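Quick notes on the structure that follows.
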Amino acid sequence: MNSLIDIDKLERTSRRLSATELSEVFKYVKERVITQKSKPEKDQWEKYWEEMLNSGQDHPSFFLKKRFQNIYRLNGSFAEINGDTVCVSVLQEILSKINSLYLKDCDFLVEFGSGTGSNIKYISELNQNISSFGSDFSESSLGILKRKGLNSFFFDMKNPSLSSLPKIVQENLNRTAFLTSGSMEQLGDAWRNFVDFVLEVKPSKIINIEPIYEYYDDSEFDSLARQFHLNKKYFSGYVNFLKDKKIHLIEHRHKFGTLFDEGFNTIITSP
Ligand SMILES: C[S@@+](CC[C@H](N)C(=O)[O-])C[C@H]1O[C@@H](n2cnc3c(N)ncnc32)[C@H](O)[C@@H]1O
């Protein structure tokens with residue numbers, strides 16, 4: 001599983017923590033994991049995106065943590081990396097590699113659960129040949145996309161249908177890439193409808209940037225992320241499902257994340 005992120009470069013810009021600092025971070029993460037509530041419901045997303053719509057911020061605020069703001073998961077431990085936009089930069093590095101490696105034969109890109117639309121906006125800036133669409137089940141999120149002048153449409157991933165896609169996409173699925181970034185995690189154990197739909201309509205590529213439960217090992221460090229994933233009620237079993245179905249996939253595990261999980265693993269499928 002090669003990486004789309006230059007992890008060595010991140011290592012060079014990071015500072016490993018002392019034993020005392022490390023034990024403080026572990027203690028804090030453990031406490032937070034135990035009390036972690038489930039992922040937001042639709043009305044909570046609606047409220048969150050409404051606040052973001054009113055704030056005018058370009059990127060979502062959920063990468064920012066209250067404590068230990070500059071501490072990240074990196075290569076099997078916690079490390080300090082300074083800068084206000086570390087996660088956004090990492091995500092953009094991944095999107096940039098996705099664009100150069102996987103989008104060459106695609107004229108259309110559709111993101112499901114696109115939030116502020118920052119991912120499709122970034123790819124559109126890199127690649128003038130691709131027409132991008134963002135979709136979400138939150139009207140406030142769609143309001144953000146409209147304000148940014150991005151193509152948008154309502155789509156509930158738990159209740160997917162071909163007719164909900166823009167006509168031009170419906171007619172050109174073999175030249176379309178589907179993207180999810182932190183939205184399949186939100187489907188919890190109700191992800192099969194969306195995956196069955198996607199495999200049935202057969203876009204040229206399916207690109208998922210998501211936390212993958214199966215990748216965590218039994219170390220104390222990964223067990224915390226695993227417990228966080230379970231408490232959040234994020235989706236799991238997707239990669240094993242694709243493998244069981246003998247669907248060809250390319251896996252990029254990225255041993256990087258915020259304090260609590262490894263959210264940037266990337267799976268590419270060509271159904
Ligand atoms: C963690 S955010 C990720 C946003 C964006 N993809 C990003 O990378 O910044 C999850 C997004 O999924 C959306 N979402 C959650 N459940 C959904 C569903 N059933 N259908 C469509 N969108 C959904 C939320 O409204 C939110 O925009």
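Every chain in the structure tokens has a letter given in the order shown (A, B, ...), and although residue numbers restart at 1 in each chain, ligands are simply numbered from 1 in the order shown.
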Practice item. Using only C-alpha atoms, determine which residues lie at most 12 Å from region 63-69 of chain A, disregarding the query and same-chain residues fewer than 5 positions distant; provide the list as JSON, numbers by chain. Key: {"A": [17, 21, 22, 24, 25, 26, 27, 28, 29, 32, 78, 79, 80, 81, 82, 83, 84, 85, 86, 87, 88, 89, 90, 91, 182, 257, 258, 259, 260, 261, 262, 263, 264]}
Check your understanding: Residues at most 12 Å from region 150-152 of chain A, counting only C-alpha atoms, excluding those fewer than 4 positions away in the same chain, as a ChimeraX atom specification?
Key -> /A:108-125,131-146,164-166,168-169
**Study point:** Contact residues around Lys104 (chain A) with only C-alpha atoms at 12 Å, ignoring same-chain residues under 6 positions, as a PyMOL selection string
**Key:** chain A and resi 97-98+127-130+175-177+204-205
Exercise for review: Step one, run DSSP on the backbone; step two, keep only residues of region 13-173 of chain A assigned to alpha helix (DSSP H); then write them as number ranges by chain.
Suggested key: A: 13, 19-34, 42-55, 86-102, 118-126, 139-147, 167-170
For Ser38 (chain A), work out the shell of residues within 8 Å, counting only C-alpha atoms and skipping chain neighbours fewer than 4 positions away, then give it as a CSV table (one decimal) with C-alpha atoms, in the first residue's frame.
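Saved as out.csv:
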chain,number,residue,atom,x,y,z
A,231,ASN,CA,-18.0,5.0,19.5
A,232,LYS,CA,-18.6,7.4,16.6
A,233,LYS,CA,-20.5,4.5,14.9
Review point. Between CA of Met184 (chain A) and CA of Asn159 (chain A), what is the spacing in Å?
Key: 13.0 Å
Check your understanding: CA of Thr266 (chain A) and CA of Ile250 (chain A), how far apart in Å?
Key ->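 That distance, rounded to one decimal, is 8.2 Å.
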